[in-house]
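A.B. asks: Just one file: model32.cif, with mmCIF, C-alpha atoms.
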```cif
data_target
#
loop_
_atom_site.group_PDB
_atom_site.id
_atom_site.type_symbol
_atom_site.label_atom_id
_atom_site.label_comp_id
_atom_site.auth_asym_id
_atom_site.auth_seq_id
_atom_site.Cartn_x
_atom_site.Cartn_y
_atom_site.Cartn_z
ATOM 1 C CA MET A 1 -5.494 11.212 -24.083
ATOM 2 C CA ALA A 2 -8.038 12.071 -26.764
ATOM 3 C CA GLU A 3 -5.883 10.208 -29.326
ATOM 4 C CA LEU A 4 -5.606 7.190 -27.043
ATOM 5 C CA ALA A 5 -9.369 7.238 -26.528
ATOM 6 C CA ALA A 6 -9.970 7.480 -30.282
ATOM 7 C CA TRP A 7 -7.614 4.565 -30.933
ATOM 8 C CA MET A 8 -9.209 2.406 -28.209
ATOM 9 C CA GLU A 9 -12.635 3.145 -29.578
ATOM 10 C CA SER A 10 -11.539 2.038 -33.058
ATOM 11 C CA THR A 11 -10.511 -1.409 -31.841
ATOM 12 C CA TRP A 12 -12.556 -4.513 -32.519
ATOM 13 C CA ILE A 13 -13.024 -5.312 -28.831
ATOM 14 C CA SER A 14 -14.387 -1.846 -28.013
ATOM 15 C CA LYS A 15 -16.838 -1.856 -30.931
ATOM 16 C CA THR A 16 -17.976 -5.415 -30.273
ATOM 17 C CA LEU A 17 -18.602 -4.878 -26.551
ATOM 18 C CA PHE A 18 -20.355 -1.543 -27.093
ATOM 19 C CA GLY A 19 -22.482 -3.246 -29.759
ATOM 20 C CA ILE A 20 -24.005 -5.574 -27.157
ATOM 21 C CA SER A 21 -27.009 -3.461 -26.194
ATOM 22 C CA TRP A 22 -27.671 -5.007 -22.766
ATOM 23 C CA LEU A 23 -24.024 -4.995 -21.633
ATOM 24 C CA TRP A 24 -23.862 -1.335 -20.561
ATOM 25 C CA PRO A 25 -27.031 -1.263 -18.405
ATOM 26 C CA ALA A 26 -26.230 -4.704 -16.953
ATOM 27 C CA SER A 27 -22.719 -3.524 -16.038
ATOM 28 C CA GLU A 28 -24.174 -0.407 -14.424
ATOM 29 C CA SER A 29 -26.478 -2.473 -12.223
ATOM 30 C CA LEU A 30 -23.591 -4.724 -11.214
ATOM 31 C CA HIS A 31 -21.425 -1.652 -10.548
ATOM 32 C CA PHE A 32 -24.049 -0.382 -8.044
ATOM 33 C CA ILE A 33 -24.399 -3.801 -6.368
ATOM 34 C CA GLY A 34 -20.609 -4.133 -6.077
ATOM 35 C CA LEU A 35 -20.492 -0.654 -4.572
ATOM 36 C CA CYS A 36 -22.938 -1.651 -1.801
ATOM 37 C CA MET A 37 -20.972 -4.830 -1.044
ATOM 38 C CA LEU A 38 -17.721 -2.867 -0.879
ATOM 39 C CA ILE A 39 -18.984 0.042 1.219
ATOM 40 C CA GLY A 40 -20.991 -2.254 3.502
ATOM 41 C CA GLY A 41 -18.148 -4.639 4.291
ATOM 42 C CA ALA A 42 -15.215 -2.249 4.262
ATOM 43 C CA GLY A 43 -17.313 0.477 5.939
ATOM 44 C CA LEU A 44 -17.991 -1.601 9.051
ATOM 45 C CA LEU A 45 -14.277 -2.360 9.438
ATOM 46 C CA ASP A 46 -13.503 1.349 8.928
ATOM 47 C CA LEU A 47 -16.039 2.370 11.590
ATOM 48 C CA ARG A 48 -14.547 -0.156 14.025
ATOM 49 C CA LEU A 49 -11.053 1.182 13.275
ATOM 50 C CA ILE A 50 -12.338 4.699 13.952
ATOM 51 C CA GLY A 51 -13.405 3.440 17.388
ATOM 52 C CA LEU A 52 -17.145 2.904 16.924
ATOM 53 C CA PHE A 53 -18.795 -0.529 17.264
ATOM 54 C CA ARG A 54 -16.872 -1.503 20.371
ATOM 55 C CA GLY A 55 -17.588 -5.099 21.220
ATOM 56 C CA LEU A 56 -16.791 -6.250 17.697
ATOM 57 C CA ALA A 57 -13.451 -8.023 17.414
ATOM 58 C CA ILE A 58 -11.597 -6.721 14.364
ATOM 59 C CA GLY A 59 -10.789 -10.302 13.350
ATOM 60 C CA HIS A 60 -14.518 -11.116 13.277
ATOM 61 C CA VAL A 61 -15.343 -8.027 11.200
ATOM 62 C CA LYS A 62 -12.573 -8.958 8.760
ATOM 63 C CA ALA A 63 -14.565 -12.072 7.871
ATOM 64 C CA LEU A 64 -16.691 -9.699 5.739
ATOM 65 C CA MET A 65 -13.657 -8.719 3.658
ATOM 66 C CA PRO A 66 -14.097 -11.425 0.993
ATOM 67 C CA TRP A 67 -17.495 -9.781 0.265
ATOM 68 C CA ALA A 68 -15.979 -6.317 0.159
ATOM 69 C CA ILE A 69 -13.177 -7.544 -2.110
ATOM 70 C CA GLY A 70 -15.752 -9.383 -4.224
ATOM 71 C CA GLY A 71 -17.659 -6.105 -4.598
ATOM 72 C CA PHE A 72 -14.436 -4.354 -5.553
ATOM 73 C CA LEU A 73 -13.639 -6.991 -8.179
ATOM 74 C CA ILE A 74 -17.161 -6.722 -9.676
ATOM 75 C CA ASN A 75 -16.589 -2.986 -9.969
ATOM 76 C CA ALA A 76 -13.076 -3.337 -11.344
ATOM 77 C CA VAL A 77 -14.379 -5.612 -14.110
ATOM 78 C CA THR A 78 -17.488 -3.549 -14.932
ATOM 79 C CA GLY A 79 -15.483 -0.307 -14.669
ATOM 80 C CA THR A 80 -12.922 -1.693 -17.129
ATOM 81 C CA LEU A 81 -15.770 -2.597 -19.476
ATOM 82 C CA PHE A 82 -17.058 1.016 -19.378
ATOM 83 C CA LEU A 83 -13.533 2.228 -20.126
ATOM 84 C CA ILE A 84 -13.101 -0.138 -23.071
ATOM 85 C CA MET A 85 -16.551 0.642 -24.500
ATOM 86 C CA GLN A 86 -16.478 4.448 -24.204
ATOM 87 C CA PRO A 87 -12.898 5.563 -23.388
ATOM 88 C CA HIS A 88 -13.511 9.170 -24.459
ATOM 89 C CA LEU A 89 -15.931 9.615 -21.536
ATOM 90 C CA TYR A 90 -13.194 8.812 -19.057
ATOM 91 C CA LEU A 91 -9.661 9.381 -20.325
ATOM 92 C CA THR A 92 -10.282 13.068 -21.064
ATOM 93 C CA SER A 93 -12.236 13.694 -17.848
ATOM 94 C CA ALA A 94 -10.407 15.295 -14.892
ATOM 95 C CA VAL A 95 -13.099 13.881 -12.589
ATOM 96 C CA TRP A 96 -12.351 10.343 -13.775
ATOM 97 C CA TRP A 97 -8.643 10.834 -13.050
ATOM 98 C CA ALA A 98 -9.596 12.159 -9.597
ATOM 99 C CA LYS A 99 -11.604 8.964 -9.121
ATOM 100 C CA VAL A 100 -8.556 6.901 -10.111
ATOM 101 C CA ALA A 101 -6.447 8.916 -7.643
ATOM 102 C CA PHE A 102 -8.927 8.250 -4.794
ATOM 103 C CA LEU A 103 -8.893 4.554 -5.753
ATOM 104 C CA GLY A 104 -5.101 4.682 -5.431
ATOM 105 C CA LEU A 105 -5.398 6.350 -2.034
ATOM 106 C CA ALA A 106 -7.908 3.747 -0.834
ATOM 107 C CA GLY A 107 -5.639 0.956 -2.107
ATOM 108 C CA ALA A 108 -2.478 2.337 -0.540
ATOM 109 C CA ASN A 109 -4.351 2.883 2.719
ATOM 110 C CA ALA A 110 -5.640 -0.719 2.720
ATOM 111 C CA LEU A 111 -2.142 -1.983 1.947
ATOM 112 C CA PHE A 112 -0.730 0.010 4.872
ATOM 113 C CA PHE A 113 -3.384 -1.484 7.167
ATOM 114 C CA GLU A 114 -2.728 -5.040 5.998
ATOM 115 C CA THR A 115 1.048 -4.825 6.264
ATOM 116 C CA ARG A 116 1.520 -2.613 9.329
ATOM 117 C CA LEU A 117 -1.653 -2.618 11.436
ATOM 118 C CA ALA A 118 -3.508 -5.884 10.841
ATOM 119 C CA VAL A 119 -1.452 -7.933 13.325
ATOM 120 C CA PRO A 120 -1.848 -5.551 16.298
ATOM 121 C CA ALA A 121 -5.490 -4.900 15.319
ATOM 122 C CA LEU A 122 -6.319 -8.620 15.293
ATOM 123 C CA GLY A 123 -4.815 -8.993 18.754
ATOM 124 C CA MET A 124 -6.989 -6.272 20.283
ATOM 125 C CA HIS A 125 -9.699 -6.929 22.863
ATOM 126 C CA PRO A 126 -13.170 -6.632 21.261
ATOM 127 C CA ASP A 127 -14.062 -3.731 23.579
ATOM 128 C CA ALA A 128 -10.733 -1.896 23.262
ATOM 129 C CA ASP A 129 -10.431 1.592 21.792
ATOM 130 C CA THR A 130 -8.224 1.890 18.708
ATOM 131 C CA SER A 131 -4.922 3.759 18.333
ATOM 132 C CA THR A 132 -4.792 7.162 16.634
ATOM 133 C CA THR A 133 -3.105 5.571 13.600
ATOM 134 C CA MET A 134 -5.959 3.083 13.256
ATOM 135 C CA LYS A 135 -8.532 5.875 13.530
ATOM 136 C CA VAL A 136 -6.761 7.823 10.770
ATOM 137 C CA ILE A 137 -6.560 4.730 8.538
ATOM 138 C CA GLY A 138 -10.266 3.983 9.082
ATOM 139 C CA ALA A 139 -11.265 7.582 8.343
ATOM 140 C CA VAL A 140 -9.079 7.818 5.216
ATOM 141 C CA SER A 141 -10.577 4.568 3.900
ATOM 142 C CA LEU A 142 -14.165 5.685 4.480
ATOM 143 C CA PHE A 143 -13.477 9.118 2.978
ATOM 144 C CA SER A 144 -11.699 7.775 -0.096
ATOM 145 C CA TRP A 145 -14.411 5.196 -0.944
ATOM 146 C CA PHE A 146 -17.118 7.856 -0.747
ATOM 147 C CA ALA A 147 -14.901 10.181 -2.813
ATOM 148 C CA VAL A 148 -14.638 7.414 -5.432
ATOM 149 C CA LEU A 149 -18.440 7.131 -5.398
ATOM 150 C CA TYR A 150 -18.859 10.924 -5.664
ATOM 151 C CA CYS A 151 -16.457 11.263 -8.604
ATOM 152 C CA GLY A 152 -18.065 8.324 -10.394
ATOM 153 C CA ARG A 153 -21.637 9.561 -10.000
ATOM 154 C CA MET A 154 -20.761 13.213 -10.785
ATOM 155 C CA LEU A 155 -18.558 12.294 -13.734
ATOM 156 C CA PRO A 156 -21.165 13.144 -16.395
ATOM 157 C CA TYR A 157 -21.811 16.548 -14.813
ATOM 158 C CA LEU A 158 -18.423 17.816 -13.620
ATOM 159 C CA GLY A 159 -15.349 19.008 -15.500
ATOM 160 C CA THR A 160 -14.666 17.999 -19.079
ATOM 161 C CA GLY A 161 -16.585 14.731 -19.147
ATOM 162 C CA ASN A 162 -19.819 14.549 -21.035
ATOM 163 C CA MET B 1 -53.819 18.004 -17.250
ATOM 164 C CA SER B 2 -53.470 15.314 -14.603
ATOM 165 C CA PHE B 3 -52.070 15.921 -11.128
ATOM 166 C CA PHE B 4 -48.826 14.074 -11.927
ATOM 167 C CA GLN B 5 -48.487 15.904 -15.218
ATOM 168 C CA ARG B 6 -48.818 19.247 -13.375
ATOM 169 C CA LEU B 7 -46.100 18.149 -10.933
ATOM 170 C CA GLN B 8 -43.795 17.147 -13.744
ATOM 171 C CA ASN B 9 -44.432 20.388 -15.636
ATOM 172 C CA SER B 10 -43.850 22.676 -12.647
ATOM 173 C CA ALA B 11 -41.443 25.606 -12.579
ATOM 174 C CA PHE B 12 -39.408 23.642 -10.040
ATOM 175 C CA THR B 13 -38.971 20.800 -12.528
ATOM 176 C CA ASP B 14 -37.863 23.251 -15.219
ATOM 177 C CA TRP B 15 -35.232 24.662 -12.907
ATOM 178 C CA PHE B 16 -34.221 21.296 -11.456
ATOM 179 C CA LEU B 17 -33.673 19.496 -14.759
ATOM 180 C CA GLY B 18 -32.664 22.522 -16.827
ATOM 181 C CA SER B 19 -30.267 24.262 -14.481
ATOM 182 C CA PRO B 20 -26.596 24.013 -15.419
ATOM 183 C CA SER B 21 -25.808 24.148 -11.674
ATOM 184 C CA ILE B 22 -24.300 20.948 -10.267
ATOM 185 C CA TRP B 23 -26.346 21.635 -7.102
ATOM 186 C CA ALA B 24 -29.616 20.797 -8.839
ATOM 187 C CA TYR B 25 -30.149 17.397 -10.494
ATOM 188 C CA PRO B 26 -26.548 16.055 -10.253
ATOM 189 C CA THR B 27 -26.291 16.620 -6.492
ATOM 190 C CA VAL B 28 -29.698 15.121 -5.696
ATOM 191 C CA LEU B 29 -28.848 12.120 -7.906
ATOM 192 C CA THR B 30 -25.499 11.713 -6.153
ATOM 193 C CA LEU B 31 -27.150 11.970 -2.711
ATOM 194 C CA HIS B 32 -29.490 9.170 -3.827
ATOM 195 C CA THR B 33 -26.411 7.018 -4.576
ATOM 196 C CA VAL B 34 -24.715 7.931 -1.270
ATOM 197 C CA GLY B 35 -27.912 7.041 0.602
ATOM 198 C CA MET B 36 -28.083 3.738 -1.284
ATOM 199 C CA ALA B 37 -24.497 2.892 -0.337
ATOM 200 C CA ILE B 38 -25.252 3.514 3.357
ATOM 201 C CA LEU B 39 -28.711 1.893 3.433
ATOM 202 C CA VAL B 40 -28.008 -1.160 1.273
ATOM 203 C CA GLY B 41 -24.396 -1.494 2.468
ATOM 204 C CA ALA B 42 -25.520 -1.729 6.113
ATOM 205 C CA SER B 43 -28.433 -4.024 5.176
ATOM 206 C CA PHE B 44 -26.079 -6.348 3.275
ATOM 207 C CA VAL B 45 -23.821 -6.619 6.342
ATOM 208 C CA ILE B 46 -26.688 -7.453 8.735
ATOM 209 C CA ASN B 47 -28.346 -9.953 6.402
ATOM 210 C CA LEU B 48 -25.019 -11.617 5.607
ATOM 211 C CA ARG B 49 -24.324 -11.918 9.348
ATOM 212 C CA VAL B 50 -27.721 -13.535 9.886
ATOM 213 C CA LEU B 51 -26.710 -15.965 7.113
ATOM 214 C CA GLN B 52 -23.601 -16.781 9.216
ATOM 215 C CA VAL B 53 -21.105 -14.785 7.120
ATOM 216 C CA SER B 54 -18.776 -13.282 9.761
ATOM 217 C CA GLY B 55 -20.690 -15.583 12.107
ATOM 218 C CA LEU B 56 -18.505 -14.752 15.101
ATOM 219 C CA ILE B 57 -19.814 -11.166 15.325
ATOM 220 C CA PRO B 58 -22.280 -10.997 18.251
ATOM 221 C CA LEU B 59 -25.550 -10.130 16.495
ATOM 222 C CA HIS B 60 -26.795 -7.624 19.063
ATOM 223 C CA ARG B 61 -23.576 -5.626 18.634
ATOM 224 C CA LEU B 62 -24.712 -4.745 15.122
ATOM 225 C CA GLN B 63 -27.666 -2.803 16.557
ATOM 226 C CA PRO B 64 -26.003 0.620 15.860
ATOM 227 C CA LEU B 65 -26.016 -0.246 12.144
ATOM 228 C CA TYR B 66 -29.762 0.476 12.185
ATOM 229 C CA ARG B 67 -28.953 4.127 12.791
ATOM 230 C CA PHE B 68 -27.043 4.063 9.488
ATOM 231 C CA ILE B 69 -29.913 2.246 7.809
ATOM 232 C CA TRP B 70 -32.360 4.985 8.846
ATOM 233 C CA ILE B 71 -29.938 7.758 7.867
ATOM 234 C CA GLY B 72 -29.476 6.181 4.426
ATOM 235 C CA PHE B 73 -33.218 5.579 4.106
ATOM 236 C CA THR B 74 -34.059 9.192 5.015
ATOM 237 C CA ILE B 75 -31.519 10.572 2.509
ATOM 238 C CA ASN B 76 -33.057 8.390 -0.194
ATOM 239 C CA LEU B 77 -36.668 9.047 0.754
ATOM 240 C CA VAL B 78 -36.102 12.817 0.451
ATOM 241 C CA SER B 79 -33.862 12.717 -2.645
ATOM 242 C CA GLY B 80 -36.111 10.073 -4.204
ATOM 243 C CA LEU B 81 -39.194 12.213 -3.628
ATOM 244 C CA VAL B 82 -37.549 15.167 -5.392
ATOM 245 C CA LEU B 83 -36.514 12.944 -8.325
ATOM 246 C CA PHE B 84 -40.045 11.495 -8.467
ATOM 247 C CA LEU B 85 -41.751 14.914 -8.460
ATOM 248 C CA THR B 86 -39.816 16.010 -11.517
ATOM 249 C CA GLU B 87 -40.700 12.822 -13.449
ATOM 250 C CA ALA B 88 -44.052 12.104 -11.802
ATOM 251 C CA ALA B 89 -46.177 11.603 -14.909
ATOM 252 C CA ASP B 90 -43.586 9.283 -16.494
ATOM 253 C CA ARG B 91 -43.073 7.265 -13.335
ATOM 254 C CA VAL B 92 -46.692 6.587 -12.413
ATOM 255 C CA VAL B 93 -47.060 4.666 -15.683
ATOM 256 C CA ASP B 94 -43.653 2.950 -15.419
ATOM 257 C CA PRO B 95 -43.942 -0.672 -14.205
ATOM 258 C CA VAL B 96 -40.232 -0.749 -13.305
ATOM 259 C CA PHE B 97 -40.851 2.072 -10.822
ATOM 260 C CA TYR B 98 -43.474 -0.054 -9.035
ATOM 261 C CA VAL B 99 -41.110 -3.038 -9.010
ATOM 262 C CA LYS B 100 -38.508 -0.838 -7.324
ATOM 263 C CA MET B 101 -40.952 0.552 -4.728
ATOM 264 C CA ALA B 102 -42.383 -2.894 -3.957
ATOM 265 C CA SER B 103 -38.971 -4.526 -3.574
ATOM 266 C CA ILE B 104 -37.828 -1.755 -1.212
ATOM 267 C CA ALA B 105 -41.008 -2.146 0.871
ATOM 268 C CA VAL B 106 -40.520 -5.925 1.081
ATOM 269 C CA ALA B 107 -36.785 -5.588 1.856
ATOM 270 C CA LEU B 108 -37.488 -3.118 4.675
ATOM 271 C CA ALA B 109 -40.338 -5.228 6.100
ATOM 272 C CA LEU B 110 -38.156 -8.371 6.033
ATOM 273 C CA GLY B 111 -35.356 -6.359 7.628
ATOM 274 C CA LEU B 112 -37.614 -5.348 10.519
ATOM 275 C CA VAL B 113 -38.738 -8.937 11.137
ATOM 276 C CA VAL B 114 -35.139 -10.186 10.960
ATOM 277 C CA LYS B 115 -34.126 -7.445 13.415
ATOM 278 C CA ARG B 116 -36.863 -8.417 15.886
ATOM 279 C CA ARG B 117 -35.955 -12.098 15.661
ATOM 280 C CA THR B 118 -32.184 -11.752 15.921
ATOM 281 C CA ILE B 119 -30.623 -8.449 16.956
ATOM 282 C CA ASP B 120 -33.330 -7.493 19.459
ATOM 283 C CA GLY B 121 -34.005 -10.784 21.111
ATOM 284 C CA MET B 122 -31.378 -13.419 20.497
ATOM 285 C CA GLY B 123 -29.201 -12.920 23.542
ATOM 286 C CA ALA B 124 -26.484 -15.509 23.616
ATOM 287 C CA ARG B 125 -27.999 -17.541 20.787
ATOM 288 C CA GLN B 126 -25.857 -16.741 17.810
ATOM 289 C CA VAL B 127 -27.459 -18.770 15.027
ATOM 290 C CA ALA B 128 -30.747 -17.644 13.472
ATOM 291 C CA THR B 129 -33.443 -20.194 12.595
ATOM 292 C CA VAL B 130 -33.699 -21.458 9.038
ATOM 293 C CA GLN B 131 -36.862 -19.387 8.575
ATOM 294 C CA THR B 132 -35.153 -16.177 9.718
ATOM 295 C CA ARG B 133 -32.163 -16.968 7.538
ATOM 296 C CA SER B 134 -34.414 -17.406 4.509
ATOM 297 C CA MET B 135 -35.878 -13.985 5.271
ATOM 298 C CA ALA B 136 -32.374 -12.475 5.380
ATOM 299 C CA GLY B 137 -31.582 -14.153 2.063
ATOM 300 C CA ALA B 138 -34.824 -12.826 0.561
ATOM 301 C CA ALA B 139 -34.025 -9.315 1.854
ATOM 302 C CA LEU B 140 -30.630 -9.469 0.088
ATOM 303 C CA GLY B 141 -32.441 -10.488 -3.089
ATOM 304 C CA MET B 142 -35.004 -7.678 -2.759
ATOM 305 C CA TRP B 143 -32.285 -5.029 -2.320
ATOM 306 C CA THR B 144 -30.603 -6.367 -5.440
ATOM 307 C CA VAL B 145 -33.884 -6.162 -7.379
ATOM 308 C CA ALA B 146 -34.414 -2.586 -6.129
ATOM 309 C CA ILE B 147 -30.943 -1.548 -7.361
ATOM 310 C CA VAL B 148 -31.378 -3.145 -10.778
ATOM 311 C CA ALA B 149 -34.872 -1.648 -11.181
ATOM 312 C CA GLY B 150 -33.597 1.787 -10.126
ATOM 313 C CA ARG B 151 -30.795 1.633 -12.656
ATOM 314 C CA LEU B 152 -33.083 0.468 -15.455
ATOM 315 C CA MET B 153 -35.536 3.329 -14.792
ATOM 316 C CA ALA B 154 -32.908 5.672 -16.239
ATOM 317 C CA TYR B 155 -33.282 3.888 -19.579
ATOM 318 C CA LEU B 156 -37.045 4.275 -19.699
ATOM 319 C CA LYS B 157 -36.963 8.061 -19.484
ATOM 320 C CA LYS B 158 -38.461 9.961 -22.365
#
```
Please lay out the structure from this file as structure tokens.
C.D. replies:
Amino acid sequence: MAELAAWMESTWISKTLFGISWLWPASESLHFIGLCMLIGGAGLLDLRLIGLFRGLAIGHVKALMPWAIGGFLINAVTGTLFLIMQPHLYLTSAVWWAKVAFLGLAGANALFFETRLAVPALGMHPDADTSTTMKVIGAVSLFSWFAVLYCGRMLPYLGTGN
Amino acid sequence: MSFFQRLQNSAFTDWFLGSPSIWAYPTVLTLHTVGMAILVGASFVINLRVLQVSGLIPLHRLQPLYRFIWIGFTINLVSGLVLFLTEAADRVVDPVFYVKMASIAVALALGLVVKRRTIDGMGARQVATVQTRSMAGAALGMWTVAIVAGRLMAYLKK
């Protein structure tokens, strides 16, 4: 991984992007804004799936998903920029790989919800309690997004990252 | 030595910033980010709803989100105070710090007015007035300013 990082850092694109002094801080700000959009939107759906916020129809809460997905896309783009600019901070860090793993878990969990649970969930009465499966899916989503946040914020302080 | 300088030069600051323990500075910093996610995440949802995003959600049903807002705010007030104490002398002369504090104050004040006008008293009426919607839009903007200012403060450290 160290070799890969060294090669990436020697490329024109990495040097050029890292040479733009405002790009890193601007990307960081966007990364935090995207995080709030993602956790706000997805978090409310997760809480409803867990069984809180009765009275909200799941279909109505899902109308916030374009904002959550928008937040995710902002963070995917800015996160990729960090990786291209300073790959050695990430590729050799166990905490960064843990973050990637939690992202995978969150993604797989969301995919399971969309393909297996969305149809029954959309048909539920706004006041109805959720099934155990839905509660688990909601809890796993909430946990994995906060785990992603934790790994990202602690990355400079934990494990082999600098 | 000034009051803020004494705060910044305290034994607590030495331990807090110098300790290799992840339970000192890194954990307080991370709590500040967790609190932000809860506080600003919940505020985004409410203000977007007032702006008719997910307009079918009954506004008064979002009332429990205020519990999350206060939890997030408390986490960040406490963690923010600790972070401030250890950088007090630098922060009191940092204009970006005042921009952050002012935008948070305005965002919270707007949030309370929006709450009183919609969640608390709207009943069956599901669409906020243009004035209330502008306040929700301004609150979204103020939270964004607070985040950007907070992030930029890290670059103005000595």
A.B. asks: Just the residues within 9 Å of Ile71 of chain B, please, counting all atoms listed in the file, with nothing from its chain fewer than 6 positions along; format it as number ranges by chain.
C.D. replies: B: 35, 38-39
A.B. asks: Identify, on the basis of only C-alpha atoms, every residue whose closest approach to Ala5 of chain A does not exceed 7 Å; exclude the query and any residue fewer than 6 positions from it along the same chain; express the result as a PyMOL selection string.
C.D. replies: chain A and resi 87-88+91
A.B. asks: Could you expand the PyMOL selection byres ((chain B and resi 9-14) around 12) into the explicit residues it covers here, written as a PyMOL selection string?
C.D. replies: chain B and resi 1-8+15-20+24-25+82-90
A.B. asks: For C-alpha atoms, I'd like the residues from the last selection saved as a PDB file, keeping the file's coordinate frame.
C.D. replies:
```pdb
ATOM      1  CA  MET B   1     -53.819  18.004 -17.250  1.00  0.00           C
ATOM      2  CA  SER B   2     -53.470  15.314 -14.603  1.00  0.00           C
ATOM      3  CA  PHE B   3     -52.070  15.921 -11.128  1.00  0.00           C
ATOM      4  CA  PHE B   4     -48.826  14.074 -11.927  1.00  0.00           C
ATOM      5  CA  GLN B   5     -48.487  15.904 -15.218  1.00  0.00           C
ATOM      6  CA  ARG B   6     -48.818  19.247 -13.375  1.00  0.00           C
ATOM      7  CA  LEU B   7     -46.100  18.149 -10.933  1.00  0.00           C
ATOM      8  CA  GLN B   8     -43.795  17.147 -13.744  1.00  0.00           C
ATOM      9  CA  TRP B  15     -35.232  24.662 -12.907  1.00  0.00           C
ATOM     10  CA  PHE B  16     -34.221  21.296 -11.456  1.00  0.00           C
ATOM     11  CA  LEU B  17     -33.673  19.496 -14.759  1.00  0.00           C
ATOM     12  CA  GLY B  18     -32.664  22.522 -16.827  1.00  0.00           C
ATOM     13  CA  SER B  19     -30.267  24.262 -14.481  1.00  0.00           C
ATOM     14  CA  PRO B  20     -26.596  24.013 -15.419  1.00  0.00           C
ATOM     15  CA  ALA B  24     -29.616  20.797  -8.839  1.00  0.00           C
ATOM     16  CA  TYR B  25     -30.149  17.397 -10.494  1.00  0.00           C
ATOM     17  CA  VAL B  82     -37.549  15.167  -5.392  1.00  0.00           C
ATOM     18  CA  LEU B  83     -36.514  12.944  -8.325  1.00  0.00           C
ATOM     19  CA  PHE B  84     -40.045  11.495  -8.467  1.00  0.00           C
ATOM     20  CA  LEU B  85     -41.751  14.914  -8.460  1.00  0.00           C
ATOM     21  CA  THR B  86     -39.816  16.010 -11.517  1.00  0.00           C
ATOM     22  CA  GLU B  87     -40.700  12.822 -13.449  1.00  0.00           C
ATOM     23  CA  ALA B  88     -44.052  12.104 -11.802  1.00  0.00           C
ATOM     24  CA  ALA B  89     -46.177  11.603 -14.909  1.00  0.00           C
ATOM     25  CA  ASP B  90     -43.586   9.283 -16.494  1.00  0.00           C
TER      26      ASP B  90
END
```
A.B. asks: Using only C-alpha atoms, collect all residues at a distance of at most 12 Å from (-2.5, 3.1, 2.3) as written in the file, then present them as a list in words.
C.D. replies: Phe102, Leu103, Gly104, Leu105, Ala106, Gly107, Ala108, Asn109, Ala110, Leu111, Phe112, Phe113, Glu114, Thr115, Arg116, Leu117, Thr133, Met134, Val136, Ile137, Gly138, Ala139, Val140, Ser141 and Ser144 of chain A
A.B. asks: Create the file for the chosen residues now, containing C-alpha atoms and written as an mmCIF file, in the frame of the given file.
C.D. replies:
```cif
data_model
loop_
_atom_site.group_PDB
_atom_site.id
_atom_site.type_symbol
_atom_site.label_atom_id
_atom_site.label_comp_id
_atom_site.auth_asym_id
_atom_site.auth_seq_id
_atom_site.Cartn_x
_atom_site.Cartn_y
_atom_site.Cartn_z
ATOM 1 C CA PHE A 102 -8.927 8.250 -4.794
ATOM 2 C CA LEU A 103 -8.893 4.554 -5.753
ATOM 3 C CA GLY A 104 -5.101 4.682 -5.431
ATOM 4 C CA LEU A 105 -5.398 6.350 -2.034
ATOM 5 C CA ALA A 106 -7.908 3.747 -0.834
ATOM 6 C CA GLY A 107 -5.639 0.956 -2.107
ATOM 7 C CA ALA A 108 -2.478 2.337 -0.540
ATOM 8 C CA ASN A 109 -4.351 2.883 2.719
ATOM 9 C CA ALA A 110 -5.640 -0.719 2.720
ATOM 10 C CA LEU A 111 -2.142 -1.983 1.947
ATOM 11 C CA PHE A 112 -0.730 0.010 4.872
ATOM 12 C CA PHE A 113 -3.384 -1.484 7.167
ATOM 13 C CA GLU A 114 -2.728 -5.040 5.998
ATOM 14 C CA THR A 115 1.048 -4.825 6.264
ATOM 15 C CA ARG A 116 1.520 -2.613 9.329
ATOM 16 C CA LEU A 117 -1.653 -2.618 11.436
ATOM 17 C CA THR A 133 -3.105 5.571 13.600
ATOM 18 C CA MET A 134 -5.959 3.083 13.256
ATOM 19 C CA VAL A 136 -6.761 7.823 10.770
ATOM 20 C CA ILE A 137 -6.560 4.730 8.538
ATOM 21 C CA GLY A 138 -10.266 3.983 9.082
ATOM 22 C CA ALA A 139 -11.265 7.582 8.343
ATOM 23 C CA VAL A 140 -9.079 7.818 5.216
ATOM 24 C CA SER A 141 -10.577 4.568 3.900
ATOM 25 C CA SER A 144 -11.699 7.775 -0.096
#
```
A.B. asks: From the list A:Thr16, A:Gly40, A:Leu45, A:Ser21, which residue is nearest Ala57 of chain A when using only C-alpha atoms?
C.D. replies: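 Ranked by minimum distance to Ala57 of chain A, first place goes to A:Leu45.
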A.B. asks: Residues near Gly41 of chain A, anyone? I mean within 8 Å using only C-alpha atoms, not counting same-chain ones fewer than 3 positions away, as a list of chain:residue names.
C.D. replies: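 The contact residues come out as A:Met37, A:Leu38, A:Leu44, A:Leu45, A:Leu64, A:Met65, A:Trp67, A:Ala68, B:Gly41, B:Val45.
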A.B. asks: Please indicate the distance in Å from atom CA of Tyr98 of chain B to atom CA of Val78 of chain B, rounded to one decimal place.
C.D. replies: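 Spanning atom CA of Tyr98 of chain B to atom CA of Val78 of chain B is a straight-line distance of 17.6 Å.
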A.B. asks: Show me the residues around (-37.1, -13.8, 0.8) - criterion: an atom at most 12 Å away, only C-alpha atoms counted - as a list in words.
C.D. replies: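 Those residues, ordered by chain and then number, are Asn47, Ser103, Val106, Ala107, Leu108, Ala109, Leu110, Gly111, Val113, Val114, Val130, Gln131, Thr132, Arg133, Ser134, Met135, Ala136, Gly137, Ala138, Ala139, Leu140, Gly141, Met142, Trp143, Thr144 and Val145 of chain B.
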A.B. asks: Please measure the separation of atom CA of Ser79 of chain B and atom CA of Ala105 of chain B, giving the value in Å to one decimal.
C.D. replies: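 We find that atom CA of Ser79 of chain B and atom CA of Ala105 of chain B lie 16.9 Å from each other.
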